$ cat run-v5.txt   # compact mmCIF, C-alpha atoms
# COMPACT_ATOMS: atom_id res chain seq x y z
CA MET E 7 -54.31 3.71 -115.54
CA THR E 8 -54.82 7.12 -114.05
CA VAL E 9 -58.25 7.50 -115.76
CA THR E 10 -59.42 4.05 -114.48
CA ALA E 11 -58.22 4.83 -110.96
CA ALA E 12 -59.99 8.20 -111.08
CA SER E 13 -63.32 6.68 -112.28
CA LYS E 14 -63.09 3.97 -109.59
CA THR E 15 -62.62 6.68 -106.92
CA THR E 16 -65.57 8.67 -108.29
CA LYS E 17 -67.69 5.50 -108.27
CA GLN E 18 -66.66 4.84 -104.68
CA GLN E 19 -67.50 8.42 -103.79
CA LYS E 20 -70.90 8.06 -105.51
CA ILE E 21 -71.60 4.80 -103.72
CA THR E 22 -70.51 6.29 -100.46
CA LYS E 23 -72.88 9.19 -100.98
CA GLU E 24 -75.77 6.81 -101.76
CA GLU E 25 -74.91 4.61 -98.84
CA GLU E 26 -74.70 7.66 -96.68
CA LEU E 27 -78.18 8.70 -97.76
CA LEU E 28 -79.53 5.21 -97.12
CA LEU E 29 -77.81 5.04 -93.76
CA GLN E 30 -79.30 8.38 -92.86
CA ASP E 31 -82.66 7.14 -93.99
CA PHE E 32 -82.66 4.02 -91.86
CA SER E 33 -80.85 5.43 -88.84
CA ARG E 34 -82.62 6.56 -85.70
CA ASN E 35 -79.99 9.23 -85.17
CA VAL E 36 -80.89 12.78 -86.01
CA THR E 37 -78.63 15.55 -87.19
CA PHE E 38 -77.31 18.08 -84.71
CA LYS E 39 -79.62 20.74 -86.12
CA SER E 40 -82.67 18.47 -85.75
CA SER E 41 -81.58 17.55 -82.26
CA ILE E 42 -81.41 21.19 -81.18
CA PHE E 43 -84.75 21.82 -82.83
CA PHE E 44 -86.31 18.90 -80.89
CA TYR E 45 -84.85 19.95 -77.56
CA VAL E 46 -85.98 23.56 -77.94
CA ASN E 47 -89.52 22.48 -78.83
CA ALA E 48 -89.58 19.96 -75.98
CA LEU E 49 -88.39 22.64 -73.55
CA ILE E 50 -91.11 25.06 -74.67
CA VAL E 51 -93.85 22.46 -74.33
CA SER E 52 -92.50 21.30 -70.94
CA THR E 53 -92.69 24.84 -69.54
CA ILE E 54 -96.37 25.28 -70.48
CA PRO E 55 -97.71 23.31 -67.44
CA LEU E 56 -95.71 25.60 -65.12
CA TRP E 57 -98.06 28.47 -65.89
CA LEU E 58 -101.07 26.24 -65.11
CA PHE E 59 -99.63 25.11 -61.80
CA TRP E 60 -98.59 28.63 -60.85
CA LYS E 61 -101.85 30.42 -61.62
CA ILE E 62 -104.46 27.73 -61.01
CA HIS E 63 -102.94 25.32 -58.51
CA GLN E 64 -101.33 28.26 -56.65
CA MET E 65 -97.76 26.97 -56.58
CA GLU E 66 -95.29 29.81 -55.91
CA PRO E 67 -92.26 29.94 -58.28
CA LEU E 68 -89.80 30.90 -55.54
CA GLU E 69 -90.87 28.05 -53.32
CA PHE E 70 -90.96 25.35 -55.99
CA GLY E 71 -88.34 26.70 -58.41
CA ILE E 72 -85.85 23.87 -58.00
CA LEU E 73 -88.51 21.19 -58.38
CA TRP E 74 -89.82 22.91 -61.49
CA VAL E 75 -86.35 23.06 -63.07
CA ILE E 76 -85.69 19.37 -62.39
CA MET E 77 -89.06 18.18 -63.68
CA THR E 78 -88.86 20.46 -66.73
CA LEU E 79 -85.48 18.97 -67.67
CA VAL E 80 -86.76 15.42 -67.18
CA SER E 81 -89.85 16.18 -69.22
CA THR E 82 -87.76 17.86 -71.95
CA TRP E 83 -85.61 14.79 -72.35
CA LEU E 84 -88.56 12.39 -72.44
CA VAL E 85 -90.54 14.51 -74.89
CA SER E 86 -87.57 14.89 -77.25
CA PHE E 87 -87.09 11.11 -77.01
CA ALA E 88 -90.70 10.72 -78.11
CA TYR E 89 -90.12 13.18 -80.97
CA ARG E 90 -87.11 11.20 -82.23
CA ASN E 91 -88.93 7.88 -82.13
CA SER E 92 -92.06 9.20 -83.79
CA LYS E 93 -90.03 10.96 -86.48
CA PHE E 94 -88.17 7.76 -87.31
CA VAL E 95 -91.38 5.75 -87.76
CA LEU E 96 -93.13 8.48 -89.72
CA LYS E 97 -90.24 9.33 -92.03
CA HIS E 98 -90.43 6.07 -93.99
CA LYS E 99 -94.18 6.26 -94.21
CA PHE E 100 -94.07 9.83 -95.49
CA ALA E 101 -91.37 8.86 -97.98
CA GLN E 102 -93.57 6.07 -99.33
CA LYS E 103 -96.63 8.29 -99.53
CA ARG E 104 -94.86 11.19 -101.19
CA GLU E 105 -92.64 9.17 -103.54
CA ASP E 106 -94.68 9.57 -106.69
CA ALA E 107 -95.44 13.23 -106.20
CA VAL E 108 -91.79 14.06 -105.45
CA ALA E 109 -90.59 12.10 -108.50
CA ARG E 110 -93.04 13.98 -110.74
CA GLU E 111 -91.94 17.32 -109.33
CA VAL E 112 -88.24 16.58 -109.74
CA LEU E 113 -88.68 15.30 -113.30
CA LYS E 114 -90.73 18.35 -114.15
CA SER E 115 -87.99 20.64 -112.88
CA ILE E 116 -85.38 19.06 -115.18
CA PRO E 117 -85.43 20.82 -118.59
CA ASP E 118 -86.30 18.54 -121.48
CA ASP E 119 -83.28 19.52 -123.51
CA LYS E 120 -80.89 18.65 -120.68
CA LYS E 121 -79.74 15.06 -120.96
CA MET E 122 -79.27 13.63 -117.49
CA PRO E 123 -78.26 10.06 -116.76
CA LYS E 124 -80.91 7.96 -115.03
CA LYS E 125 -78.73 7.43 -111.99
CA GLU E 126 -78.41 11.14 -111.43
CA LYS E 127 -82.17 11.55 -111.78
CA ASP E 128 -82.76 8.78 -109.24
CA GLU E 129 -80.29 10.37 -106.89
CA ARG E 130 -82.03 13.70 -107.15
CA ILE E 131 -85.41 12.07 -106.53
CA LEU E 132 -84.02 10.15 -103.56
CA TRP E 133 -82.44 13.27 -102.09
CA LYS E 134 -85.63 15.33 -102.58
CA LYS E 135 -87.77 12.51 -101.16
CA ASN E 136 -85.51 12.35 -98.14
CA GLU E 137 -85.72 16.10 -97.64
CA VAL E 138 -89.53 16.17 -97.90
CA ALA E 139 -89.92 13.14 -95.63
CA GLU E 140 -87.50 14.64 -93.12
CA PHE E 141 -89.39 17.92 -92.96
CA GLU E 142 -92.88 16.41 -92.83
CA SER E 143 -92.00 13.72 -90.31
CA THR E 144 -90.26 16.23 -88.02
CA SER E 145 -93.20 18.66 -88.11
CA PHE E 146 -95.84 16.00 -87.66
CA ALA E 147 -93.93 14.23 -84.86
CA ILE E 148 -93.69 17.51 -82.93
CA PHE E 149 -97.34 18.39 -83.54
CA TYR E 150 -98.69 14.95 -82.64
CA ASN E 151 -96.60 14.58 -79.48
CA ASN E 152 -97.32 18.14 -78.29
CA THR E 153 -101.10 17.69 -78.53
CA LEU E 154 -100.90 14.34 -76.76
CA TYR E 155 -98.67 15.78 -74.02
CA ILE E 156 -100.99 18.73 -73.34
CA PHE E 157 -104.03 16.44 -73.37
CA LEU E 158 -102.39 14.13 -70.82
CA ILE E 159 -101.26 17.04 -68.61
CA ILE E 160 -104.80 18.46 -68.42
CA LEU E 161 -106.28 15.01 -67.84
CA PHE E 162 -103.87 14.15 -65.03
CA SER E 163 -103.68 17.50 -63.23
CA PHE E 164 -107.37 18.53 -63.38
CA TYR E 165 -109.14 15.19 -63.21
CA LEU E 166 -107.18 12.14 -62.10
CA LEU E 167 -104.91 13.86 -59.56
CA ARG E 168 -107.08 16.86 -58.59
CA SER E 169 -107.41 15.82 -54.94
CA PHE E 170 -103.63 15.56 -54.49
CA ASN E 171 -101.43 18.21 -52.94
CA PRO E 172 -100.23 20.58 -55.76
CA ASN E 173 -96.65 19.44 -55.22
CA PHE E 174 -97.46 15.77 -55.87
CA ASN E 175 -99.97 16.70 -58.52
CA TYR E 176 -97.25 18.49 -60.49
CA ILE E 177 -94.62 15.76 -60.11
CA LEU E 178 -96.98 12.92 -61.00
CA SER E 179 -98.73 14.78 -63.84
CA VAL E 180 -95.52 15.79 -65.59
CA ALA E 181 -93.77 12.46 -64.99
CA SER E 182 -96.79 10.42 -66.11
CA SER E 183 -97.52 12.52 -69.18
CA SER E 184 -93.96 12.65 -70.48
CA GLY E 185 -93.33 9.02 -69.49
CA LEU E 186 -96.44 7.82 -71.24
CA LEU E 187 -95.54 9.88 -74.30
CA ALA E 188 -92.08 8.30 -74.45
CA LEU E 189 -93.54 4.84 -73.96
CA LEU E 190 -96.18 5.20 -76.68
CA SER E 191 -93.59 6.55 -79.12
CA THR E 192 -91.61 3.29 -78.96
CA GLY E 193 -94.41 1.49 -80.79
CA SER E 194 -93.87 0.51 -84.40
CA ARG E 195 -96.92 2.48 -85.67
CA MET C 2 -156.04 46.32 5.29
CA GLY C 3 -157.30 46.53 1.73
CA GLY C 4 -155.49 49.82 1.16
CA PRO C 5 -151.94 48.61 1.54
CA ILE C 6 -152.72 45.42 -0.47
CA ILE C 7 -154.23 47.47 -3.30
CA SER C 8 -151.28 49.86 -3.29
CA ILE C 9 -148.89 46.90 -3.35
CA ILE C 10 -150.75 45.47 -6.33
CA GLN C 11 -150.75 48.86 -8.08
CA LEU C 12 -147.03 49.29 -7.35
CA SER C 13 -146.28 45.81 -8.70
CA PHE C 14 -148.29 46.54 -11.85
CA LEU C 15 -146.44 49.81 -12.31
CA LEU C 16 -143.12 48.06 -11.86
CA ILE C 17 -144.05 45.39 -14.43
CA VAL C 18 -145.01 48.06 -16.97
CA LEU C 19 -141.79 49.98 -16.31
CA VAL C 20 -139.63 46.85 -16.57
CA SER C 21 -141.25 45.72 -19.79
CA HIS C 22 -140.83 49.22 -21.19
CA GLN C 23 -137.13 49.11 -20.25
CA THR C 24 -136.72 45.64 -21.79
CA HIS C 25 -138.15 46.68 -25.14
CA GLY C 26 -136.61 50.20 -25.19
CA GLU C 27 -137.78 53.52 -26.47
CA GLN C 28 -139.79 54.62 -29.41
CA CYS C 29 -138.59 56.08 -32.71
CA VAL C 30 -140.58 58.92 -34.20
CA SER C 31 -140.32 59.89 -37.89
CA PRO C 32 -137.49 57.43 -38.74
CA LYS C 33 -135.06 58.16 -41.60
CA VAL C 34 -132.92 55.23 -42.70
CA THR C 35 -129.62 55.06 -44.64
CA SER C 36 -128.49 51.53 -45.35
CA ASP C 37 -125.65 49.41 -46.84
CA ILE C 38 -126.47 45.95 -48.07
CA TYR C 39 -124.42 42.80 -48.63
CA THR C 40 -125.87 39.56 -49.96
CA THR C 41 -124.04 36.38 -51.04
CA PRO C 42 -123.19 36.65 -54.77
CA GLU C 43 -122.18 33.05 -55.57
CA THR C 44 -122.42 29.50 -54.29
CA LEU C 45 -118.85 28.35 -55.00
CA LEU C 46 -117.39 29.67 -51.73
CA SER C 47 -120.50 29.67 -49.55
CA THR C 48 -122.87 27.02 -48.24
CA GLU C 49 -125.75 29.42 -47.49
CA THR C 50 -127.02 32.80 -48.68
CA VAL C 51 -126.19 35.54 -46.19
CA TYR C 52 -128.05 38.85 -45.94
CA ILE C 53 -126.37 41.68 -44.02
CA VAL C 54 -128.01 45.08 -43.68
CA GLU C 55 -126.12 47.87 -41.94
CA PHE C 56 -128.02 51.07 -41.42
CA THR C 57 -128.13 54.34 -39.53
CA LEU C 58 -131.39 55.58 -38.13
CA ASP C 59 -132.33 59.17 -37.58
CA CYS C 60 -135.34 59.62 -35.25
CA SER C 61 -136.82 63.06 -34.60
CA ASN C 62 -137.21 62.34 -30.86
CA LYS C 63 -133.51 61.33 -30.56
CA PRO C 64 -133.95 58.25 -28.33
CA LYS C 65 -130.91 57.27 -26.28
CA GLU C 66 -131.40 53.53 -26.06
CA LEU C 67 -133.37 52.25 -28.98
CA ASN C 68 -133.89 48.52 -29.45
CA LEU C 69 -135.04 47.37 -32.84
CA TYR C 70 -136.63 44.12 -33.96
CA ALA C 71 -136.88 42.92 -37.55
CA LYS C 72 -139.44 40.51 -38.88
CA VAL C 73 -137.73 37.92 -41.08
CA ASP C 74 -139.54 34.82 -42.34
CA ASP C 75 -142.42 35.32 -39.86
CA SER C 76 -140.10 35.45 -36.86
CA PHE C 77 -138.52 38.35 -35.01
CA ILE C 78 -134.76 38.98 -34.82
CA GLN C 79 -133.26 41.59 -32.55
CA VAL C 80 -131.15 44.04 -34.52
CA THR C 81 -127.63 44.47 -33.13
CA LYS C 82 -126.29 47.95 -32.56
CA SER C 83 -122.88 49.56 -32.28
CA LEU C 84 -121.49 50.73 -28.93
CA ASP C 85 -122.23 54.36 -29.77
CA ASN C 86 -125.87 53.40 -30.68
CA LYS C 87 -125.49 55.05 -34.07
CA ARG C 88 -125.22 52.09 -36.41
CA TYR C 89 -127.38 48.98 -36.54
CA GLN C 90 -126.80 45.66 -38.20
CA LEU C 91 -129.31 43.06 -39.19
CA SER C 92 -128.12 39.69 -40.57
CA TRP C 93 -129.62 36.32 -41.30
CA THR C 94 -128.97 33.29 -43.48
CA SER C 95 -131.03 31.10 -45.72
CA SER C 96 -130.28 28.04 -47.83
CA HIS C 97 -129.41 28.84 -51.44
CA SER C 98 -132.49 27.13 -52.80
CA GLN C 99 -134.92 28.88 -50.43
CA ALA C 100 -133.31 32.32 -50.29
CA PRO C 101 -135.68 35.00 -51.61
CA VAL C 102 -134.58 36.82 -54.74
CA GLY C 103 -135.48 40.23 -56.11
CA LEU C 104 -136.91 43.10 -54.07
CA ILE C 105 -136.89 42.16 -50.36
CA THR C 106 -138.74 44.18 -47.74
CA VAL C 107 -138.04 43.75 -44.02
CA ASP C 108 -140.35 45.26 -41.38
CA VAL C 109 -138.54 46.82 -38.45
CA TYR C 110 -140.23 47.64 -35.15
CA ASP C 111 -138.98 49.74 -32.30
CA GLY C 112 -139.15 48.35 -28.76
CA GLU C 113 -142.54 49.73 -27.90
CA THR C 114 -144.30 48.53 -31.04
CA TYR C 115 -142.60 45.16 -30.76
CA GLY C 116 -143.90 44.81 -27.20
CA LYS C 117 -147.44 45.48 -28.36
CA VAL C 118 -147.14 43.03 -31.23
CA LYS C 119 -145.83 40.31 -28.91
CA GLN C 120 -148.67 40.92 -26.48
CA ALA C 121 -151.20 40.66 -29.25
CA VAL C 122 -149.67 37.42 -30.47
CA ARG C 123 -149.62 35.98 -26.93
CA SER C 124 -153.24 36.78 -26.39
CA GLY C 125 -154.11 35.16 -29.71
CA GLU C 126 -155.17 38.36 -31.42
CA THR C 127 -154.22 39.42 -34.94
CA SER C 128 -151.55 42.06 -34.72
CA GLU C 129 -152.68 45.33 -36.28
CA TYR C 130 -149.54 47.21 -35.50
CA GLU C 131 -147.57 48.40 -38.51
CA ALA C 132 -143.81 48.40 -38.64
CA ASN C 133 -142.09 51.66 -37.72
CA PHE C 134 -140.08 51.55 -40.95
CA GLN C 135 -139.05 49.12 -43.65
CA LEU C 136 -135.72 48.14 -45.08
CA GLU C 137 -135.84 47.52 -48.82
CA PHE C 138 -133.10 46.05 -50.94
CA ASN C 139 -132.55 43.99 -54.02
CA HIS C 140 -130.95 40.54 -54.05
CA LYS C 141 -129.97 39.43 -57.58
CA GLY C 142 -129.65 35.81 -56.64
CA VAL C 143 -126.54 33.60 -56.48
CA TRP C 144 -124.26 32.53 -59.29
CA LYS C 145 -123.97 28.76 -59.29
CA GLY C 146 -120.83 28.56 -61.42
CA ALA C 147 -120.31 28.20 -65.15
CA TRP C 148 -122.32 25.41 -66.74
CA LEU C 149 -119.26 24.50 -68.79
CA LYS C 150 -116.00 24.39 -66.82
CA SER C 151 -112.91 25.78 -68.50
CA GLU C 152 -110.80 22.66 -67.92
CA LEU C 153 -113.45 20.50 -69.58
CA LEU C 154 -113.54 22.82 -72.58
CA ALA C 155 -109.72 22.81 -72.82
CA LEU C 156 -109.62 19.02 -72.53
CA THR C 157 -112.28 18.63 -75.22
CA VAL C 158 -110.58 20.98 -77.69
CA VAL C 159 -107.12 19.46 -77.19
CA GLY C 160 -108.59 15.96 -77.28
CA LEU C 161 -110.31 16.72 -80.57
CA VAL C 162 -107.11 18.11 -82.11
CA TRP C 163 -105.17 15.07 -80.93
CA PHE C 164 -107.82 12.73 -82.32
CA LEU C 165 -107.56 14.38 -85.76
CA ALA C 166 -103.77 14.06 -85.59
CA TYR C 167 -104.13 10.40 -84.58
CA ARG C 168 -106.40 9.72 -87.53
CA HIS C 169 -103.95 11.37 -89.91
CA LYS C 170 -101.11 9.37 -88.40
CA ASN C 171 -103.04 6.15 -89.00
CA TYR C 172 -103.63 7.19 -92.58
CA ILE C 173 -99.93 7.87 -93.09
CA CYS C 174 -98.92 4.62 -91.47
CA SER C 175 -101.42 2.48 -93.38
$ encode --input "run-v5.txt" --output "structure tokens"
Amino acid sequence: MTVTAASKTTKQQKITKEEELLLQDFSRNVTFKSSIFFYVNALIVSTIPLWLFWKIHQMEPLEFGILWVIMTLVSTWLVSFAYRNSKFVLKHKFAQKREDAVAREVLKSIPDDKKMPKKEKDERILWKKNEVAEFESTSFAIFYNNTLYIFLIILFSFYLLRSFNPNFNYILSVASSSGLLALLSTGSR
Amino acid sequence: MGGPIISIIQLSFLLIVLVSHQTHGEQCVSPKVTSDIYTTPETLLSTETVYIVEFTLDCSNKPKELNLYAKVDDSFIQVTKSLDNKRYQLSWTSSHSQAPVGLITVDVYDGETYGKVKQAVRSGETSEYEANFQLEFNHKGVWKGAWLKSELLALTVVGLVWFLAYRHKNYICS
């Protein structure tokens, strides 16, 4: 009785762990660590235009400090939103693309003399695939969104809005770039 | 009767000569010039090329009131002078496309020589009077701005990087 109860609990635990992995896989939510990572990156990229507007558009930091802080926070949130969405879409795609290579690598790492049940092997492959997809999708989402954000900032501030007052130029450039980034990230591809 | 009339005519003539002499000023003998030059360096902040020549003139006869005239583009410009009559300034403008470049020589005449030149021109004669001295300086030309603007270069580079990322994203998502 005790042995059966124990094996049932272990099975439940195993299922729970699998389900947890699957839930993590299909959930849009990111871990706390990833979240911090996204926000820090978004903050860094949102502060880059400040240097442009200070040195080239001649906006003084003391005069426009409050506006800069507000717009930087807004931009940070929108850019990190774009990161999260992009990462979610890309993670599955990366997992599919890297599946075979990850499986080969994991199987290679298991010594031949060690007898491992198939389920455990599959779990290892799934865990490794998840880890690789997580890392690649996070990095690529940040890279892709950063280049698009900087491209849009330069396009808006130096071409489309160049005749505007620097104040309005800054507000509209940052809002449009980060807004457009967030909007484009909601697509399914 | 003729005597007073002739003397009046002679007096009038003398007065005219004296007045014209006063108008055009004194003469400068053995001039020595020290000059500072400014010319427009670029077109971004200026609509025309400006030439400014400031100079001091040392004449051996030490004239008190010396008026100078410079010949620029076949016309004469009066040279302005400081209140203490020690420094002179000559300035003129020209459109960027027509502004002369390289070594520029400007003929400067003192009042007396200028008067003679003007008289010769009025009477239709070719002026044979040489300038009292010349101002020489070099104008390198104007910078018209970079042929490739920095924001265009930045936009192109970032656009190219984004395009490569977009292509890779499409490959991943296919």
$ atom_distance --input "run-v5.txt" --atom1 "atom CA of Leu56 of chain E" --atom2 "atom CA of Leu84 of chain E"
16.7 Å
$ residues_around --input "run-v5.txt" --residues "Tyr150 of chain E" --least-positions-apart "5" --cutoff "8 Å" --atoms "only C-alpha atoms" --output "ChimeraX atom specification"
/C:163,166-167
$ closest_residue --input "run-v5.txt" --among "E:Ile116, E:Ile160, E:Val108, E:Leu190" --to "Ile62 of chain E" --atoms "all atoms listed in the file"
E:Ile160
$ atom_distance --input "run-v5.txt" --atom1 "atom CA of Ile156 of chain E" --atom2 "atom CA of Ser183 of chain E"
8.2 Å
$ atom_distance --input "run-v5.txt" --atom1 "atom CA of Tyr130 of chain C" --atom2 "atom CA of Gln99 of chain C"
27.8 Å
$ interface_residues --input "run-v5.txt" --of "chain C" --to "chain E" --cutoff "8 Å" --atoms "all atoms listed in the file" --output "compact mmCIF listing (two decimals) with C-alpha atoms, keeping the file's coordinate frame"
# COMPACT_ATOMS: atom_id res chain seq x y z
CA GLU C 152 -110.80 22.66 -67.92
CA ALA C 155 -109.72 22.81 -72.82
CA LEU C 156 -109.62 19.02 -72.53
CA VAL C 159 -107.12 19.46 -77.19
CA GLY C 160 -108.59 15.96 -77.28
CA VAL C 162 -107.11 18.11 -82.11
CA TRP C 163 -105.17 15.07 -80.93
CA ALA C 166 -103.77 14.06 -85.59
CA TYR C 167 -104.13 10.40 -84.58
CA ASN C 171 -103.04 6.15 -89.00
CA ILE C 173 -99.93 7.87 -93.09
CA CYS C 174 -98.92 4.62 -91.47
$ residues_around --input "run-v5.txt" --residues "segment 122-127 of chain C" --least-positions-apart "6" --cutoff "12 Å" --atoms "all atoms listed in the file" --output "list in words"
Ser76, Tyr115 and Gly116 of chain C
$ closest_residue --input "run-v5.txt" --among "C:Leu46, C:Asp111, C:Arg168, C:Pro64" --to "Gln135 of chain C" --atoms "all atoms listed in the file"
C:Asp111
